[in-house]
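Worksheet for the structure shown next.
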Amino acid sequence: MKLKKKKIEDRKVNKDEGKYTPDSDSMIQVFNLSKVYQMGEFEVRALDGVNMKISKGEFVSVMGPSGSGKTTLLNMIGALDNPSNGAVFVNRINVAHMDDEQQTNLRLRSIGFIFQFYNLVPVLTAYENVELPMVFAEEPEENRRKKAIKFLELVGLERQMDHLPAELSGGEQQRVAIARSLANGPSLVIADEPTGELDTKMGREIVNILQDLNKELNQTILMVTHDPAIGKLAERLLRMRDGKIVDEIKL
Ligand code: ADP
Ligand code: MG
């Protein structure tokens, strides 16, 4: 009870969040977003007044030097952390206004996450890794099976579905992670350096799959990368520096 009360008070500190209205076509809209981490007596301003909008169906990449705030931005959008100031809307809903259950649901059902190090469960097969989010979502077993196979086929891994992650190459593991991100039919996929551990050829294959998802399933995709050749494959590129978006390029 005490914990809960503190949380609500924490959110009240963010005075800005009531005054923003997202556009009707926005998948993600961020207003005046700041994030300050307190490190002992030092403050780290990881995000410093970010404004941006990603429309439904867009494929956008974010580039910028290490430490420029890219991961922090994704964490705010994915409700993995709360902003210090400003507001984040996903599907036109203010993420900071959600209670814990709504945030959990957002992460489980509305957003697919893809990480640099794949984050697969090592003791589960490719099939079981893809099935897992559907188990959490209490999907009936028959549906889980159909969908897991469909998404593994989509990434070209139907033949390896009984392999453990350690029995797959890096590129194959990331393809499993992509299939898993789609499990509960998210409207948005966010990927943090998804090709960071892969060679150029495998990296391109991964982005080609993301491009297909964007075109064929109309998935909105937000991808962070530090590889210019990969960043250019999106439709629009945002550049970050020192916690700010400093440039935008239509590709
Ligand atoms: P990028 O993903 O662009 O490399 P990050 O978003 O990870 O950058 O980090 C932005 C800045 O915030 C960096 O200076 C980093 O050290 C700092 N930072 C990130 N997360 C934390 C945290 N949990 N606690 C303290 N500082 C953090
Ligand atoms: Mg990062």
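Residue names in the structure tokens use chain letters A, B, ... in the order shown, residue numbers from 1 in each chain, and ligand numbers from 1 in the order shown.
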So that each row is one residue of chain A with an atom at most 12 Å from ligand 1, can you give its shortest atom pair and the distance in Å to one decimal, using only C-alpha atoms and all ligand atoms, rows by chain and rising number, as CSV?
residue,atom,partner,partner_atom_place_in_ligand_line,distance
A:Ser34,CA,ligand 1,12 (O),11.0
A:Lys35,CA,ligand 1,12 (O),8.3
A:Val36,CA,ligand 1,12 (O),7.9
A:Tyr37,CA,ligand 1,25 (C),4.8
A:Gln38,CA,ligand 1,25 (C),6.5
A:Met39,CA,ligand 1,25 (C),6.0
A:Gly40,CA,ligand 1,25 (C),9.7
A:Glu41,CA,ligand 1,25 (C),11.8
A:Phe42,CA,ligand 1,25 (C),9.6
A:Glu43,CA,ligand 1,26 (N),8.3
A:Val44,CA,ligand 1,26 (N),5.9
A:Arg45,CA,ligand 1,12 (O),6.5
A:Ala46,CA,ligand 1,12 (O),3.9
A:Leu47,CA,ligand 1,10 (C),7.2
A:Asp48,CA,ligand 1,10 (C),10.3
A:Val62,CA,ligand 1,3 (O),9.3
A:Met63,CA,ligand 1,3 (O),8.0
A:Gly64,CA,ligand 1,3 (O),6.3
A:Pro65,CA,ligand 1,3 (O),6.0
A:Ser66,CA,ligand 1,4 (O),3.6
A:Gly67,CA,ligand 1,8 (O),3.4
A:Ser68,CA,ligand 1,3 (O),3.9
A:Gly69,CA,ligand 1,6 (O),3.2
A:Lys70,CA,ligand 1,3 (O),3.8
A:Thr71,CA,ligand 1,2 (O),3.7
A:Thr72,CA,ligand 1,6 (O),3.7
A:Leu73,CA,ligand 1,6 (O),6.4
A:Leu74,CA,ligand 1,6 (O),8.1
A:Asn75,CA,ligand 1,6 (O),8.3
A:Met76,CA,ligand 1,6 (O),10.0
A:Leu80,CA,ligand 1,23 (N),10.9
A:Asp81,CA,ligand 1,23 (N),9.1
A:Asn82,CA,ligand 1,23 (N),11.3
A:Phe115,CA,ligand 1,2 (O),11.6
A:Gln116,CA,ligand 1,2 (O),11.0
A:Ala191,CA,ligand 1,2 (O),11.5
A:Asp192,CA,ligand 1,2 (O),8.0
A:Glu193,CA,ligand 1,2 (O),8.8
A:Gly196,CA,ligand 1,2 (O),12.0
A:Met223,CA,ligand 1,2 (O),11.5
A:Val224,CA,ligand 1,2 (O),8.2
A:Thr225,CA,ligand 1,2 (O),9.2
A:His226,CA,ligand 1,3 (O),8.9
A:Arg239,CA,ligand 1,3 (O),10.3
A:Met240,CA,ligand 1,3 (O),7.7
A:Arg241,CA,ligand 1,3 (O),8.2
A:Asp242,CA,ligand 1,10 (C),7.9
A:Gly243,CA,ligand 1,10 (C),7.0
A:Lys244,CA,ligand 1,3 (O),10.4
A:Ile245,CA,ligand 1,3 (O),11.3
Which of segment 52-143 of chain A end up as alpha helix (DSSP H) when DSSP is run on this backbone - answer as a short mmCIF file (atom, residue, chain, number, x, y, z; two decimals) with N, CA, C and O atoms, in the first residue's frame?
data_model
loop_
_atom_site.label_atom_id
_atom_site.label_comp_id
_atom_site.auth_asym_id
_atom_site.auth_seq_id
_atom_site.Cartn_x
_atom_site.Cartn_y
_atom_site.Cartn_z
N LYS A 70 19.53 7.06 -27.00
CA LYS A 70 18.67 6.25 -27.88
C LYS A 70 17.92 5.18 -27.08
O LYS A 70 16.71 5.02 -27.21
N THR A 71 18.66 4.43 -26.27
CA THR A 71 18.02 3.36 -25.49
C THR A 71 17.05 3.95 -24.46
O THR A 71 15.95 3.42 -24.26
N THR A 72 17.43 5.05 -23.85
CA THR A 72 16.54 5.69 -22.89
C THR A 72 15.22 6.08 -23.56
O THR A 72 14.14 5.86 -23.01
N LEU A 73 15.31 6.61 -24.78
CA LEU A 73 14.10 6.97 -25.52
C LEU A 73 13.21 5.74 -25.74
O LEU A 73 12.01 5.77 -25.50
N LEU A 74 13.83 4.64 -26.19
CA LEU A 74 13.04 3.42 -26.40
C LEU A 74 12.43 2.92 -25.08
O LEU A 74 11.29 2.45 -25.05
N ASN A 75 13.19 3.02 -24.00
CA ASN A 75 12.68 2.56 -22.70
C ASN A 75 11.45 3.37 -22.26
O ASN A 75 10.54 2.81 -21.65
N MET A 76 11.46 4.66 -22.56
CA MET A 76 10.30 5.50 -22.20
C MET A 76 9.09 5.10 -23.05
O MET A 76 7.97 5.02 -22.56
N ILE A 77 9.35 4.85 -24.35
CA ILE A 77 8.25 4.49 -25.25
C ILE A 77 7.68 3.12 -24.86
O ILE A 77 6.48 2.90 -24.88
N ASP A 100 0.16 -0.08 -13.36
CA ASP A 100 1.14 -1.13 -13.62
C ASP A 100 0.58 -2.22 -14.53
O ASP A 100 1.27 -2.74 -15.41
N GLU A 101 -0.68 -2.56 -14.32
CA GLU A 101 -1.29 -3.62 -15.12
C GLU A 101 -1.42 -3.18 -16.59
O GLU A 101 -1.15 -3.95 -17.51
N GLN A 102 -1.81 -1.92 -16.79
CA GLN A 102 -1.93 -1.41 -18.16
C GLN A 102 -0.57 -1.35 -18.85
O GLN A 102 -0.44 -1.65 -20.03
N GLN A 103 0.46 -0.96 -18.08
CA GLN A 103 1.81 -0.93 -18.66
C GLN A 103 2.29 -2.33 -19.02
O GLN A 103 2.89 -2.54 -20.07
N THR A 104 1.98 -3.28 -18.15
CA THR A 104 2.35 -4.67 -18.44
C THR A 104 1.65 -5.15 -19.71
O THR A 104 2.26 -5.80 -20.57
N ASN A 105 0.39 -4.81 -19.83
CA ASN A 105 -0.37 -5.19 -21.02
C ASN A 105 0.17 -4.54 -22.28
O ASN A 105 0.21 -5.16 -23.34
N ALA A 126 13.45 -22.73 -30.10
CA ALA A 126 12.99 -21.58 -30.89
C ALA A 126 11.46 -21.50 -30.82
O ALA A 126 10.89 -20.44 -30.55
N TYR A 127 10.82 -22.64 -31.03
CA TYR A 127 9.35 -22.68 -30.98
C TYR A 127 8.84 -22.20 -29.62
O TYR A 127 7.94 -21.37 -29.54
N GLU A 128 9.43 -22.72 -28.54
CA GLU A 128 8.95 -22.36 -27.19
C GLU A 128 9.21 -20.88 -26.86
O GLU A 128 8.42 -20.25 -26.16
N ASN A 129 10.32 -20.35 -27.38
CA ASN A 129 10.58 -18.93 -27.18
C ASN A 129 9.51 -18.07 -27.83
O ASN A 129 9.08 -17.07 -27.26
N VAL A 130 9.09 -18.46 -29.02
CA VAL A 130 8.06 -17.68 -29.73
C VAL A 130 6.71 -17.85 -29.03
O VAL A 130 5.90 -16.93 -28.96
N GLU A 131 6.50 -19.04 -28.49
CA GLU A 131 5.22 -19.33 -27.84
C GLU A 131 5.07 -18.61 -26.49
O GLU A 131 3.95 -18.28 -26.07
N LEU A 132 6.21 -18.33 -25.84
CA LEU A 132 6.18 -17.86 -24.46
C LEU A 132 5.30 -16.62 -24.20
O LEU A 132 4.49 -16.62 -23.27
N PRO A 133 5.44 -15.55 -25.01
CA PRO A 133 4.57 -14.38 -24.75
C PRO A 133 3.08 -14.73 -24.88
O PRO A 133 2.25 -14.10 -24.23
N MET A 134 2.76 -15.72 -25.69
CA MET A 134 1.35 -16.12 -25.84
C MET A 134 0.89 -16.92 -24.63
O MET A 134 -0.29 -16.88 -24.28
N VAL A 135 1.83 -17.63 -23.98
CA VAL A 135 1.50 -18.31 -22.72
C VAL A 135 1.17 -17.24 -21.67
O VAL A 135 0.15 -17.32 -20.98
N PHE A 136 2.01 -16.21 -21.60
CA PHE A 136 1.75 -15.12 -20.64
C PHE A 136 0.42 -14.44 -20.93
O PHE A 136 -0.27 -13.98 -20.03
N GLU A 141 -3.82 -23.16 -26.32
CA GLU A 141 -2.65 -23.85 -26.88
C GLU A 141 -2.72 -23.98 -28.41
O GLU A 141 -1.72 -23.83 -29.11
N GLU A 142 -3.90 -24.28 -28.91
CA GLU A 142 -4.02 -24.49 -30.36
C GLU A 142 -3.67 -23.21 -31.15
O GLU A 142 -2.97 -23.27 -32.17
N ASN A 143 -4.15 -22.07 -30.65
CA ASN A 143 -3.80 -20.79 -31.29
C ASN A 143 -2.30 -20.51 -31.19
O ASN A 143 -1.69 -20.01 -32.13
#
- prompt: Any idea what's packed within 8 Å of Arg107 of chain A, counting only C-alpha atoms, ignoring anything in its chain fewer than 4 positions away? Could you give it as number ranges by chain?
  reply: A: 78-79, 103, 111-112
Could you save the residues just selected, with N, CA, C and O atoms, as a PDB file, in the first residue's frame?
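Final output, again.pdb:
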ATOM      1  N   GLY A  78       8.556   2.203 -24.454  1.00  0.00           N
ATOM      2  CA  GLY A  78       8.124   0.864 -24.085  1.00  0.00           C
ATOM      3  C   GLY A  78       7.661   0.736 -22.648  1.00  0.00           C
ATOM      4  O   GLY A  78       7.464  -0.376 -22.166  1.00  0.00           O
ATOM      5  N   ALA A  79       7.505   1.847 -21.964  1.00  0.00           N
ATOM      6  CA  ALA A  79       7.038   1.859 -20.569  1.00  0.00           C
ATOM      7  C   ALA A  79       7.938   1.006 -19.672  1.00  0.00           C
ATOM      8  O   ALA A  79       7.483   0.387 -18.723  1.00  0.00           O
ATOM      9  N   GLN A 103       0.457  -0.962 -18.085  1.00  0.00           N
ATOM     10  CA  GLN A 103       1.809  -0.926 -18.662  1.00  0.00           C
ATOM     11  C   GLN A 103       2.286  -2.331 -19.024  1.00  0.00           C
ATOM     12  O   GLN A 103       2.894  -2.544 -20.070  1.00  0.00           O
ATOM     13  N   ILE A 111       3.314  -3.854 -27.945  1.00  0.00           N
ATOM     14  CA  ILE A 111       4.661  -3.537 -28.435  1.00  0.00           C
ATOM     15  C   ILE A 111       5.475  -4.818 -28.526  1.00  0.00           C
ATOM     16  O   ILE A 111       5.492  -5.619 -27.596  1.00  0.00           O
ATOM     17  N   GLY A 112       6.145  -4.997 -29.666  1.00  0.00           N
ATOM     18  CA  GLY A 112       7.099  -6.098 -29.800  1.00  0.00           C
ATOM     19  C   GLY A 112       8.493  -5.544 -29.577  1.00  0.00           C
ATOM     20  O   GLY A 112       8.839  -4.507 -30.141  1.00  0.00           O
TER      21      GLY A 112
END
- prompt: Counting only C-alpha atoms, what is within 10 Å of Val90 of chain A, bar same-chain residues fewer than 4 positions away, as a list in words?
  reply: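 Contacts, with the query itself left out: Pro22, Ser26, Met27, Ile28, Gln29, Val30, Ile54, Ile77, Gly78, Ala79, Asn94, Val95, Leu106, Ser110, Ile111, Ser187 and Leu188 of chain A.
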Write out, as a PDB file, in the first residue's frame, the residues just selected, with N, CA, C and O atoms.
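For reference, result37.pdb as written:
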ATOM      1  N   PRO A  22      -2.062  14.049 -28.598  1.00  0.00           N
ATOM      2  CA  PRO A  22      -1.417  13.420 -29.760  1.00  0.00           C
ATOM      3  C   PRO A  22      -2.285  13.530 -31.013  1.00  0.00           C
ATOM      4  O   PRO A  22      -3.511  13.589 -30.920  1.00  0.00           O
ATOM      5  N   SER A  26      -1.075   9.223 -35.060  1.00  0.00           N
ATOM      6  CA  SER A  26       0.224   8.905 -34.438  1.00  0.00           C
ATOM      7  C   SER A  26       0.226   7.522 -33.802  1.00  0.00           C
ATOM      8  O   SER A  26      -0.739   7.101 -33.181  1.00  0.00           O
ATOM      9  N   MET A  27       1.336   6.824 -33.992  1.00  0.00           N
ATOM     10  CA  MET A  27       1.568   5.581 -33.254  1.00  0.00           C
ATOM     11  C   MET A  27       2.354   5.899 -31.992  1.00  0.00           C
ATOM     12  O   MET A  27       2.056   5.396 -30.918  1.00  0.00           O
ATOM     13  N   ILE A  28       3.384   6.753 -32.174  1.00  0.00           N
ATOM     14  CA  ILE A  28       4.159   7.241 -31.028  1.00  0.00           C
ATOM     15  C   ILE A  28       4.194   8.758 -31.121  1.00  0.00           C
ATOM     16  O   ILE A  28       4.449   9.294 -32.207  1.00  0.00           O
ATOM     17  N   GLN A  29       3.934   9.434 -30.038  1.00  0.00           N
ATOM     18  CA  GLN A  29       4.175  10.868 -30.036  1.00  0.00           C
ATOM     19  C   GLN A  29       4.757  11.262 -28.687  1.00  0.00           C
ATOM     20  O   GLN A  29       4.235  10.884 -27.631  1.00  0.00           O
ATOM     21  N   VAL A  30       5.852  11.986 -28.770  1.00  0.00           N
ATOM     22  CA  VAL A  30       6.637  12.338 -27.600  1.00  0.00           C
ATOM     23  C   VAL A  30       6.699  13.862 -27.506  1.00  0.00           C
ATOM     24  O   VAL A  30       6.974  14.524 -28.505  1.00  0.00           O
ATOM     25  N   ILE A  54       5.816   9.507 -34.622  1.00  0.00           N
ATOM     26  CA  ILE A  54       5.908   8.427 -35.603  1.00  0.00           C
ATOM     27  C   ILE A  54       4.492   8.014 -35.953  1.00  0.00           C
ATOM     28  O   ILE A  54       3.698   7.663 -35.067  1.00  0.00           O
ATOM     29  N   ILE A  77       9.347   4.849 -24.345  1.00  0.00           N
ATOM     30  CA  ILE A  77       8.252   4.486 -25.247  1.00  0.00           C
ATOM     31  C   ILE A  77       7.683   3.118 -24.859  1.00  0.00           C
ATOM     32  O   ILE A  77       6.476   2.902 -24.881  1.00  0.00           O
ATOM     33  N   GLY A  78       8.556   2.203 -24.454  1.00  0.00           N
ATOM     34  CA  GLY A  78       8.124   0.864 -24.085  1.00  0.00           C
ATOM     35  C   GLY A  78       7.661   0.736 -22.648  1.00  0.00           C
ATOM     36  O   GLY A  78       7.464  -0.376 -22.166  1.00  0.00           O
ATOM     37  N   ALA A  79       7.505   1.847 -21.964  1.00  0.00           N
ATOM     38  CA  ALA A  79       7.038   1.859 -20.569  1.00  0.00           C
ATOM     39  C   ALA A  79       7.938   1.006 -19.672  1.00  0.00           C
ATOM     40  O   ALA A  79       7.483   0.387 -18.723  1.00  0.00           O
ATOM     41  N   ASN A  94      -1.402   8.064 -23.022  1.00  0.00           N
ATOM     42  CA  ASN A  94      -0.257   8.518 -22.256  1.00  0.00           C
ATOM     43  C   ASN A  94       0.276   7.369 -21.391  1.00  0.00           C
ATOM     44  O   ASN A  94      -0.401   6.885 -20.487  1.00  0.00           O
ATOM     45  N   VAL A  95       1.496   6.962 -21.703  1.00  0.00           N
ATOM     46  CA  VAL A  95       2.080   5.788 -21.040  1.00  0.00           C
ATOM     47  C   VAL A  95       2.209   6.015 -19.526  1.00  0.00           C
ATOM     48  O   VAL A  95       1.991   5.103 -18.725  1.00  0.00           O
ATOM     49  N   LEU A 106       0.569  -3.273 -22.162  1.00  0.00           N
ATOM     50  CA  LEU A 106       1.160  -2.566 -23.305  1.00  0.00           C
ATOM     51  C   LEU A 106       2.407  -3.320 -23.777  1.00  0.00           C
ATOM     52  O   LEU A 106       2.569  -3.585 -24.968  1.00  0.00           O
ATOM     53  N   SER A 110       0.911  -4.843 -27.047  1.00  0.00           N
ATOM     54  CA  SER A 110       0.888  -3.776 -28.054  1.00  0.00           C
ATOM     55  C   SER A 110       2.248  -3.458 -28.645  1.00  0.00           C
ATOM     56  O   SER A 110       2.338  -2.824 -29.690  1.00  0.00           O
ATOM     57  N   ILE A 111       3.314  -3.854 -27.945  1.00  0.00           N
ATOM     58  CA  ILE A 111       4.661  -3.537 -28.435  1.00  0.00           C
ATOM     59  C   ILE A 111       5.475  -4.818 -28.526  1.00  0.00           C
ATOM     60  O   ILE A 111       5.492  -5.619 -27.596  1.00  0.00           O
ATOM     61  N   SER A 187       1.029  -3.605 -32.417  1.00  0.00           N
ATOM     62  CA  SER A 187       0.889  -2.624 -33.491  1.00  0.00           C
ATOM     63  C   SER A 187       2.210  -1.904 -33.718  1.00  0.00           C
ATOM     64  O   SER A 187       2.387  -1.209 -34.713  1.00  0.00           O
ATOM     65  N   LEU A 188       3.158  -2.083 -32.796  1.00  0.00           N
ATOM     66  CA  LEU A 188       4.439  -1.378 -32.871  1.00  0.00           C
ATOM     67  C   LEU A 188       5.565  -2.348 -32.524  1.00  0.00           C
ATOM     68  O   LEU A 188       5.439  -3.119 -31.580  1.00  0.00           O
TER      69      LEU A 188
END
Atom-to-atom span, atom CA of Arg204 of chain A and atom CA of Met52 of chain A, Å: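 Going from atom CA of Arg204 of chain A over to atom CA of Met52 of chain A, I get 26.3 Å.
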- request: Taking the chain letters and numbering used in this document, name the residues of segment 168-233 of chain A that DSSP puts in strand (DSSP E), as a list in words.
  value: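 Written out, the strand (DSSP E) residues of segment 168-233 of chain A are Leu188, Val189, Ile190, Ala191, Asp192, Thr220, Ile221, Leu222, Met223 and Val224 of chain A.
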Next, write the just-selected residues to a file, as a PDB file, in the first residue's frame, keeping N, CA, C and O atoms as the atom set.
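Okay, this is what ended up in result_20.pdb:
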ATOM      1  N   LEU A 188       3.158  -2.083 -32.796  1.00  0.00           N
ATOM      2  CA  LEU A 188       4.439  -1.378 -32.871  1.00  0.00           C
ATOM      3  C   LEU A 188       5.565  -2.348 -32.524  1.00  0.00           C
ATOM      4  O   LEU A 188       5.439  -3.119 -31.580  1.00  0.00           O
ATOM      5  N   VAL A 189       6.637  -2.303 -33.322  1.00  0.00           N
ATOM      6  CA  VAL A 189       7.828  -3.091 -32.985  1.00  0.00           C
ATOM      7  C   VAL A 189       8.976  -2.115 -32.743  1.00  0.00           C
ATOM      8  O   VAL A 189       9.229  -1.237 -33.571  1.00  0.00           O
ATOM      9  N   ILE A 190       9.631  -2.225 -31.578  1.00  0.00           N
ATOM     10  CA  ILE A 190      10.807  -1.395 -31.336  1.00  0.00           C
ATOM     11  C   ILE A 190      12.040  -2.282 -31.188  1.00  0.00           C
ATOM     12  O   ILE A 190      12.011  -3.308 -30.525  1.00  0.00           O
ATOM     13  N   ALA A 191      13.094  -1.861 -31.875  1.00  0.00           N
ATOM     14  CA  ALA A 191      14.298  -2.685 -31.953  1.00  0.00           C
ATOM     15  C   ALA A 191      15.506  -1.836 -31.574  1.00  0.00           C
ATOM     16  O   ALA A 191      15.747  -0.787 -32.168  1.00  0.00           O
ATOM     17  N   ASP A 192      16.254  -2.278 -30.556  1.00  0.00           N
ATOM     18  CA  ASP A 192      17.422  -1.528 -30.081  1.00  0.00           C
ATOM     19  C   ASP A 192      18.688  -2.218 -30.578  1.00  0.00           C
ATOM     20  O   ASP A 192      19.057  -3.267 -30.069  1.00  0.00           O
ATOM     21  N   THR A 220       4.292  -0.764 -37.568  1.00  0.00           N
ATOM     22  CA  THR A 220       5.092   0.434 -37.333  1.00  0.00           C
ATOM     23  C   THR A 220       6.388  -0.021 -36.674  1.00  0.00           C
ATOM     24  O   THR A 220       6.363  -0.817 -35.738  1.00  0.00           O
ATOM     25  N   ILE A 221       7.514   0.466 -37.202  1.00  0.00           N
ATOM     26  CA  ILE A 221       8.801   0.002 -36.677  1.00  0.00           C
ATOM     27  C   ILE A 221       9.692   1.175 -36.302  1.00  0.00           C
ATOM     28  O   ILE A 221       9.865   2.118 -37.083  1.00  0.00           O
ATOM     29  N   LEU A 222      10.238   1.101 -35.105  1.00  0.00           N
ATOM     30  CA  LEU A 222      11.210   2.082 -34.643  1.00  0.00           C
ATOM     31  C   LEU A 222      12.479   1.321 -34.303  1.00  0.00           C
ATOM     32  O   LEU A 222      12.478   0.440 -33.448  1.00  0.00           O
ATOM     33  N   MET A 223      13.559   1.644 -35.017  1.00  0.00           N
ATOM     34  CA  MET A 223      14.796   0.869 -34.897  1.00  0.00           C
ATOM     35  C   MET A 223      15.979   1.781 -34.584  1.00  0.00           C
ATOM     36  O   MET A 223      16.239   2.743 -35.310  1.00  0.00           O
ATOM     37  N   VAL A 224      16.691   1.458 -33.527  1.00  0.00           N
ATOM     38  CA  VAL A 224      17.917   2.169 -33.192  1.00  0.00           C
ATOM     39  C   VAL A 224      19.099   1.415 -33.787  1.00  0.00           C
ATOM     40  O   VAL A 224      19.144   0.181 -33.729  1.00  0.00           O
TER      41      VAL A 224
END
